[in-house]
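As structure tokens, the structure follows; a few thoughts come after it.
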Amino acid sequence: MRVRISAAVVVACLATAGVSGCTQPTQTCAVADYGGGTSGYQTPQQALQSVLAQPEPGLKQTGWKLTGRSATAATFVSGNDSVDVVKNKAGTWNVGGVTVCT
């Protein structure tokens with residue numbers, strides 16, 4: 001009986017994770033601090049636009065949504081790509097990091 005329960009749990013976990021058969025989707029993500037042209041924006045959206053104006057290879061150009069926001073940070077997501085922006089002590093927004101998944 002214990003073996004049946006364990007097998008059922010494994011199957012349920014695989015189905016929940018979206019694993020089909022014995023193969024898993026391959027995806028590579030690169031996370032990096034972002035350096036160029038990324039400081040002093042009045043809004044988080046302007047900081048995001050600065051990244052999209054100088055696109056990283058593989059970074060999606062459309063479909064960006066604000067998925068997290070606090071008084072000092074915001075996260076934008078498009079698919080599996082993300083851009084994190086933070087508010088500095090001067091009150092302006094800077095790009096903190098960019099994640100690109102291919």
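By order of appearance in the structure tokens: chains A, B, ..., then residues from 1 within every chain, and ligands from 1 in the order shown.
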What lies within 9 Å of Asn80 (chain A) using only C-alpha atoms, ignoring chain neighbours under 3 positions off, as a PyMOL selection string?
chain A and resi 29+77+99-102
Select, from A:Thr67, A:Ala90, A:Thr43, A:Val98, the residue with the minimum atom-to-atom distance to Pro55 (chain A), counting only C-alpha atoms.
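Looking only at the distances to Pro55 (chain A), the closest residue turns out to be A:Val98.
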Using DSSP on the backbone coordinates, identify all residues within region 20-82 of chain A classified as helix (DSSP H, G or I); present the result as a list in words.
Pro44, Gln45, Gln46, Ala47, Leu48, Gln49, Ser50, Val51, Leu52 and Ala53 of chain A
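The smallest atom-to-atom distance between Asp84 (chain A) and any of A:Leu48, A:Gln42, A:Glu56, A:Gln61, using only C-alpha atoms, is found for A:Leu48.
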Residues within 8 Å of Val95 (chain A), please, as a VMD selection string. Count only C-alpha atoms; anything in the same chain fewer than 2 positions from it doesn't count.
chain A and resid 34 38 to 39 47 to 48 51 83 to 86 93 97 to 98
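Note that CA of Thr26 (chain A) and CA of Gly63 (chain A) are 21.8 Å apart.
The closest residue to Asn94 (chain A), picked from A:Gln27, A:Gln45, A:Ala32, A:Lys60 and counting only C-alpha atoms, is A:Gln45.
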